[in-house]
>>> print(open('entry_12.txt').read())   # compact mmCIF, C-alpha atoms and all ligand atoms
# COMPACT_ATOMS: atom_id res chain seq x y z
CA MET K 1 2.87 15.72 17.79
CA LEU K 2 0.94 12.81 16.28
CA GLU K 3 -2.01 11.28 18.06
CA VAL K 4 -4.49 8.72 16.81
CA SER K 5 -7.56 7.36 18.50
CA GLY K 6 -10.11 4.72 17.59
CA LEU K 7 -8.34 3.57 14.44
CA ARG K 8 -10.29 0.81 12.70
CA LYS K 9 -9.69 -0.99 9.44
CA ALA K 10 -11.33 -4.05 7.92
CA PHE K 11 -10.45 -5.98 4.77
CA ASP K 12 -13.34 -7.88 3.18
CA GLY K 13 -15.37 -7.70 6.36
CA THR K 14 -12.56 -8.91 8.62
CA GLU K 15 -11.48 -6.36 11.20
CA ILE K 16 -7.70 -6.03 11.11
CA LEU K 17 -7.45 -2.95 13.33
CA ARG K 18 -9.99 -2.93 16.12
CA GLY K 19 -9.73 0.49 17.64
CA VAL K 20 -6.08 1.40 18.07
CA ASP K 21 -4.91 4.48 19.99
CA LEU K 22 -1.39 5.83 19.92
CA ALA K 23 0.54 9.03 20.46
CA ILE K 24 4.07 10.13 19.81
CA ASP K 25 5.90 13.26 20.89
CA ARG K 26 8.34 15.14 18.72
CA GLY K 27 11.80 13.61 18.85
CA ASP K 28 10.58 10.30 20.20
CA VAL K 29 10.83 6.81 18.77
CA LEU K 30 7.88 4.47 19.10
CA ALA K 31 8.66 0.80 18.46
CA VAL K 32 5.77 -1.37 17.34
CA LEU K 33 6.20 -5.01 18.31
CA GLY K 34 4.00 -8.04 18.08
CA PRO K 35 3.40 -11.32 16.30
CA SER K 36 3.05 -11.62 12.56
CA GLY K 37 -0.44 -10.92 11.29
CA GLY K 38 -1.29 -8.68 14.24
CA GLY K 39 -1.91 -5.62 12.08
CA LYS K 40 1.39 -3.74 12.41
CA THR K 41 1.85 -3.08 8.70
CA THR K 42 -1.79 -2.14 8.29
CA LEU K 43 -1.46 0.28 11.20
CA LEU K 44 1.59 1.96 9.66
CA ARG K 45 -0.02 2.11 6.21
CA CYS K 46 -3.14 3.73 7.67
CA LEU K 47 -0.93 6.28 9.45
CA ASN K 48 0.47 7.38 6.09
CA PHE K 49 -2.90 6.97 4.29
CA LEU K 50 -1.56 4.22 2.05
CA GLU K 51 -4.73 2.52 3.29
CA GLN K 52 -7.83 4.45 4.16
CA ALA K 53 -9.06 3.70 7.67
CA ASP K 54 -12.71 2.91 8.32
CA ALA K 55 -12.68 5.04 11.45
CA GLY K 56 -10.25 7.00 13.54
CA THR K 57 -9.26 10.50 14.50
CA MET K 58 -5.78 11.81 13.91
CA THR K 59 -4.33 14.97 15.38
CA PHE K 60 -1.13 15.97 13.63
CA LEU K 61 0.75 19.19 14.35
CA GLY K 62 -2.34 20.47 16.11
CA GLN K 63 -4.74 19.71 13.28
CA GLN K 64 -7.50 17.15 13.64
CA MET K 65 -8.58 14.84 10.83
CA ASP K 66 -11.22 12.15 10.41
CA MET K 67 -9.04 9.34 9.05
CA SER K 68 -11.95 7.74 7.17
CA ALA K 69 -12.71 10.88 5.22
CA VAL K 70 -9.53 12.68 4.27
CA SER K 71 -9.33 14.30 0.84
CA ARG K 72 -6.50 13.59 -1.59
CA ARG K 73 -5.40 17.15 -1.06
CA ASP K 74 -5.19 16.68 2.71
CA ILE K 75 -3.25 13.46 2.18
CA ALA K 76 -0.79 15.18 -0.16
CA ALA K 77 -0.32 18.01 2.34
CA TYR K 78 0.15 15.53 5.19
CA ARG K 79 2.74 13.53 3.26
CA ARG K 80 4.92 16.60 2.91
CA HIS K 81 5.52 16.07 6.63
CA THR K 82 5.99 12.30 6.65
CA ALA K 83 8.06 9.58 5.04
CA PHE K 84 7.68 5.82 4.80
CA VAL K 85 10.42 3.19 4.71
CA PHE K 86 9.27 -0.16 3.36
CA GLN K 87 10.42 -3.63 4.23
CA ASN K 88 11.55 -4.17 0.63
CA PHE K 89 13.09 -0.73 0.08
CA ASN K 90 10.85 0.17 -2.90
CA LEU K 91 13.62 1.85 -4.86
CA PHE K 92 13.33 2.57 -8.58
CA SER K 93 15.63 -0.02 -10.14
CA ASN K 94 16.27 2.14 -13.21
CA LYS K 95 17.47 5.10 -11.16
CA THR K 96 20.75 5.63 -9.35
CA ALA K 97 20.93 6.09 -5.60
CA ILE K 98 20.94 9.87 -5.86
CA GLN K 99 18.17 9.86 -8.47
CA ASN K 100 16.06 7.75 -6.12
CA VAL K 101 16.53 10.40 -3.45
CA THR K 102 15.97 13.46 -5.67
CA GLU K 103 12.93 12.07 -7.52
CA GLY K 104 10.37 12.93 -4.84
CA LEU K 105 11.94 16.31 -4.15
CA ILE K 106 11.84 17.32 -7.81
CA VAL K 107 8.50 15.76 -8.80
CA ALA K 108 6.34 16.02 -5.68
CA ARG K 109 7.93 19.05 -4.07
CA LYS K 110 8.86 20.90 -7.26
CA MET K 111 12.32 21.61 -5.93
CA PRO K 112 14.93 22.91 -8.41
CA ARG K 113 17.25 20.08 -9.46
CA ALA K 114 20.42 21.65 -8.07
CA GLU K 115 18.86 22.15 -4.65
CA ALA K 116 17.39 18.63 -4.68
CA GLU K 117 20.80 17.18 -5.52
CA GLU K 118 22.45 19.10 -2.73
CA ARG K 119 19.89 17.82 -0.25
CA ALA K 120 20.11 14.29 -1.60
CA LEU K 121 23.86 14.23 -1.28
CA ALA K 122 23.63 15.44 2.32
CA ALA K 123 21.08 12.70 3.01
CA LEU K 124 23.29 10.03 1.40
CA GLU K 125 26.19 11.27 3.50
CA ARG K 126 24.04 10.87 6.58
CA VAL K 127 23.56 7.17 5.83
CA GLY K 128 27.22 6.72 4.85
CA LEU K 129 26.61 6.24 1.12
CA ALA K 130 27.82 9.43 -0.56
CA ASP K 131 30.40 7.35 -2.44
CA LYS K 132 27.61 5.18 -3.91
CA LYS K 133 25.50 8.03 -5.21
CA ASP K 134 25.76 6.96 -8.84
CA ALA K 135 25.22 3.25 -8.22
CA TYR K 136 22.05 1.49 -9.35
CA PRO K 137 20.15 -0.55 -6.75
CA SER K 138 21.19 -3.83 -8.39
CA HIS K 139 24.79 -2.95 -7.62
CA LEU K 140 24.08 -2.29 -3.96
CA SER K 141 23.66 -4.76 -1.12
CA GLY K 142 20.25 -5.01 0.55
CA GLY K 143 21.59 -3.04 3.49
CA GLN K 144 22.87 -0.30 1.19
CA GLN K 145 19.55 -0.22 -0.68
CA GLN K 146 17.67 0.22 2.56
CA ARG K 147 20.05 3.01 3.57
CA VAL K 148 19.29 4.75 0.25
CA ALA K 149 15.59 4.38 1.08
CA ILE K 150 16.27 5.94 4.49
CA ALA K 151 18.20 8.76 2.79
CA ARG K 152 15.19 9.31 0.54
CA ALA K 153 13.00 9.50 3.64
CA VAL K 154 15.16 12.02 5.48
CA ALA K 155 15.84 14.17 2.39
CA GLY K 156 12.29 15.48 2.54
CA GLN K 157 12.96 16.71 6.10
CA PRO K 158 9.83 15.03 7.44
CA ASP K 159 8.39 15.56 10.88
CA VAL K 160 7.92 11.83 11.29
CA ILE K 161 9.19 8.69 9.52
CA PHE K 162 7.29 5.42 9.50
CA LEU K 163 9.49 2.33 9.09
CA ASP K 164 7.93 -1.09 8.48
CA GLU K 165 10.37 -3.83 9.51
CA PRO K 166 13.27 -2.02 7.83
CA THR K 167 15.73 -4.88 8.39
CA SER K 168 13.61 -8.00 8.02
CA ALA K 169 14.43 -8.46 4.32
CA LEU K 170 18.17 -8.31 5.00
CA ASP K 171 20.81 -10.96 5.48
CA PRO K 172 21.82 -11.09 9.14
CA GLU K 173 25.23 -9.49 8.60
CA LEU K 174 23.63 -6.40 7.00
CA ILE K 175 21.08 -5.71 9.73
CA GLY K 176 23.43 -3.97 12.14
CA GLY K 177 24.51 -1.26 9.70
CA VAL K 178 20.92 -0.28 8.96
CA LEU K 179 19.95 -0.29 12.64
CA ASP K 180 22.96 1.94 13.37
CA VAL K 181 21.75 4.46 10.80
CA ILE K 182 18.29 4.49 12.36
CA GLN K 183 19.77 4.83 15.83
CA ARG K 184 21.81 7.84 14.68
CA LEU K 185 18.67 9.47 13.27
CA ALA K 186 16.99 8.91 16.62
CA GLU K 187 19.93 10.49 18.41
CA ASP K 188 19.64 13.48 16.06
CA GLY K 189 16.04 13.88 17.23
CA MET K 190 14.11 12.36 14.33
CA THR K 191 10.58 11.30 15.29
CA MET K 192 9.97 7.72 14.16
CA ILE K 193 7.45 4.93 14.42
CA VAL K 194 9.23 1.68 13.63
CA VAL K 195 7.80 -1.80 13.34
CA THR K 196 10.54 -4.24 14.25
CA HIS K 197 11.38 -7.68 15.56
CA GLU K 198 14.82 -6.48 16.65
CA ILE K 199 14.27 -6.46 20.39
CA GLY K 200 17.76 -5.27 21.34
CA PHE K 201 17.38 -2.34 18.98
CA ALA K 202 13.92 -1.49 20.35
CA ARG K 203 15.24 -1.57 23.90
CA ARG K 204 18.16 0.67 23.01
CA VAL K 205 16.48 3.20 20.76
CA ALA K 206 12.75 3.36 21.47
CA ASP K 207 11.24 5.73 24.01
CA ARG K 208 7.97 3.80 24.03
CA VAL K 209 6.76 0.43 22.84
CA LEU K 210 3.39 -0.41 21.33
CA PHE K 211 2.51 -4.10 21.34
CA MET K 212 0.01 -5.12 18.67
CA GLU K 213 -1.88 -8.37 18.55
CA GLU K 214 -5.03 -9.28 16.67
CA GLY K 215 -5.63 -5.69 15.71
CA ARG K 216 -5.42 -4.31 19.22
CA ALA K 217 -2.78 -2.39 21.11
CA LEU K 218 -2.27 -4.66 24.10
CA ALA K 219 0.22 -2.24 25.62
CA CYS K 220 1.73 1.15 24.92
CA GLN K 221 4.25 2.09 27.53
CA GLU K 222 7.72 3.38 28.22
CA THR K 223 10.42 1.08 26.92
CA LYS K 224 11.99 0.32 30.29
CA ALA K 225 8.65 -0.53 31.87
CA PHE K 226 7.63 -2.57 28.84
CA PHE K 227 10.66 -4.84 29.07
CA GLU K 228 11.46 -4.82 32.76
CA GLU K 229 8.09 -4.56 34.47
CA GLN K 230 5.89 -6.35 31.98
CA LYS K 231 2.73 -7.51 33.71
CA LEU K 232 0.91 -9.07 30.78
CA GLU K 233 1.64 -12.79 30.53
CA ARG K 234 0.93 -12.72 26.78
CA ILE K 235 3.68 -10.17 26.18
CA GLN K 236 6.11 -11.96 28.50
CA ALA K 237 5.56 -15.12 26.45
CA PHE K 238 6.15 -13.22 23.20
CA LEU K 239 9.43 -11.79 24.51
CA ARG K 240 10.52 -15.22 25.73
CA SER K 241 9.85 -16.72 22.31
CA LEU K 242 12.05 -14.07 20.67
CA ASN K 243 14.82 -14.67 23.19
CA ARG K 244 14.73 -18.35 22.35
CA LYS K 245 15.12 -17.52 18.66
CA GLU K 246 18.07 -15.23 19.36
CA ALA K 247 19.78 -17.73 21.61
N1 LIG U 1 -4.74 -5.61 1.53
C1 LIG U 1 -5.19 -6.61 2.32
N2 LIG U 1 -6.28 -7.31 1.97
C2 LIG U 1 -6.76 -8.29 2.78
N3 LIG U 1 -6.22 -8.65 3.95
C3 LIG U 1 -5.11 -7.99 4.34
C4 LIG U 1 -4.54 -6.93 3.55
N4 LIG U 1 -3.46 -6.46 4.21
C5 LIG U 1 -3.35 -7.18 5.34
N5 LIG U 1 -4.34 -8.08 5.43
C6 LIG U 1 -4.53 -9.03 6.53
O1 LIG U 1 -4.48 -8.31 7.74
C7 LIG U 1 -3.86 -9.06 8.75
C8 LIG U 1 -2.77 -8.23 9.40
O2 LIG U 1 -1.76 -8.02 8.45
P1 LIG U 1 -0.54 -7.06 8.68
O3 LIG U 1 -1.04 -5.68 8.97
O4 LIG U 1 0.35 -7.22 7.51
O5 LIG U 1 0.12 -7.66 10.00
P2 LIG U 1 1.63 -7.64 10.51
O6 LIG U 1 2.33 -6.53 9.81
O7 LIG U 1 1.51 -7.41 11.98
O8 LIG U 1 2.21 -8.97 10.20
C9 LIG U 1 -3.36 -10.34 8.13
O9 LIG U 1 -4.27 -11.36 8.43
C10 LIG U 1 -3.39 -10.03 6.64
O10 LIG U 1 -3.67 -11.17 5.89
MG MG U 2 4.04 -6.48 8.65
>>> encode(input="entry_12.txt", output="structure tokens")
Amino acid sequence: MLEVSGLRKAFDGTEILRGVDLAIDRGDVLAVLGPSGGGKTTLLRCLNFLEQADAGTMTFLGQQMDMSAVSRRDIAAYRRHTAFVFQNFNLFSNKTAIQNVTEGLIVARKMPRAEAEERALAALERVGLADKKDAYPSHLSGGQQQRVAIARAVAGQPDVIFLDEPTSALDPELIGGVLDVIQRLAEDGMTMIVVTHEIGFARRVADRVLFMEEGRALACQETKAFFEEQKLERIQAFLRSLNRKEA
């Protein structure tokens, strides 16, 4: 459904993405793992054109685009099919949970308010927060705020959701609830690319794993093979270091 090849991006002359290829089928979850600074966030931002790539070809829903030369119009059209969940939620602090969810539907999609509210409520129900619909972000825990952000993402009925370390800003006891919500979306067939350090979650939920380091995809393979038949010493060492942290 989404395929990218030869993705390159430099900041101030330093190459951060050095020719990344990836592909994801509809209904699949791709987990992106790898050490900090490896280019995972930049990759995800380029995929949603929050950063403009220097090179790369994207095929999305059968349509091919030069990622270095997309028009604002093409980006706007593309984003009707995608959603992005940020590490720090990015909610409007002066809007309630439901207003955060309806905002994009009403403003960007020109949806009538009543219809937007109906959709938003359904989305909040999906993340278990219908009872918090009128709460402001400051009155919600980090985990609840991130679930509102996920509701906002699903309310637009995207074809794919990009999630950048959705639980890494959370206190440990709040991580599980957010991962459960993402797992349920996966079980419902949502296509997702999720950057995460939660190895257990990746193992459980991802169909494939992409390992990024120094701007390159060192591996992109099925989850079981990635964890159980890993041949690359570098990746084995990375997984061992995470296990040590968890232990
Ligand atoms: N807007 C930017 N300007 C300059 N350098 C950046 C920018 N964004 C990211 N970088 C650099 O790119 C590298 C990869 O960053 P990032 O994509 O955030 O990696 P990761 O998400 O894997 O930790 C880092 O060295 C970071 O400093
Ligand atoms: Mg990052």
>>> residues_near_point(input="entry_12.txt", point="(9.6, 0.3, 17.6)", cutoff="9 Å", atoms="all atoms listed in the file", output="list of chain:residue names")
K:Val29, K:Leu30, K:Ala31, K:Val32, K:Leu33, K:Leu163, K:Met192, K:Ile193, K:Val194, K:Val195, K:Thr196, K:His197, K:Glu198, K:Ile199, K:Phe201, K:Ala202, K:Arg203, K:Val205, K:Ala206, K:Asp207, K:Arg208, K:Val209, K:Leu210
>>> residues_near_ligand(input="entry_12.txt", ligand="ligand MG 2 (chain U)", cutoff="8 Å", atoms="only C-alpha atoms and all ligand atoms", output="list in words")
Ser36, Gly37, Gly39, Lys40, Thr41, Thr42, Asp164, Glu165 and Val195 of chain K
>>> write_last_selection(input="entry_12.txt", atoms="C-alpha atoms", output="mmCIF file, in the frame of the given file")
data_model
loop_
_atom_site.group_PDB
_atom_site.id
_atom_site.type_symbol
_atom_site.label_atom_id
_atom_site.label_comp_id
_atom_site.auth_asym_id
_atom_site.auth_seq_id
_atom_site.Cartn_x
_atom_site.Cartn_y
_atom_site.Cartn_z
ATOM 1 C CA SER K 36 3.050 -11.620 12.560
ATOM 2 C CA GLY K 37 -0.440 -10.920 11.290
ATOM 3 C CA GLY K 39 -1.910 -5.620 12.080
ATOM 4 C CA LYS K 40 1.390 -3.740 12.410
ATOM 5 C CA THR K 41 1.850 -3.080 8.700
ATOM 6 C CA THR K 42 -1.790 -2.140 8.290
ATOM 7 C CA ASP K 164 7.930 -1.090 8.480
ATOM 8 C CA GLU K 165 10.370 -3.830 9.510
ATOM 9 C CA VAL K 195 7.800 -1.800 13.340
#
>>> closest_residue(input="entry_12.txt", among="K:Ala225, K:Cys46, K:Ala10, K:Ala153", to="Met190 in chain K", atoms="all atoms listed in the file")
K:Ala153
>>> atom_distance(input="entry_12.txt", atom1="CA of Thr167 in chain K", atom2="atom O6 of ligand LIG 1 (chain U)")
13.6 Å
>>> closest_residue(input="entry_12.txt", among="K:Glu51, K:Asp66, K:Glu103, K:Glu3", to="ligand LIG 1 (chain U)", atoms="all atoms listed in the file")
K:Glu51
>>> closest_residue(input="entry_12.txt", among="K:Asp171, K:Ala114, K:Leu242, K:Glu222", to="Gly200 in chain K", atoms="all atoms listed in the file")
K:Leu242
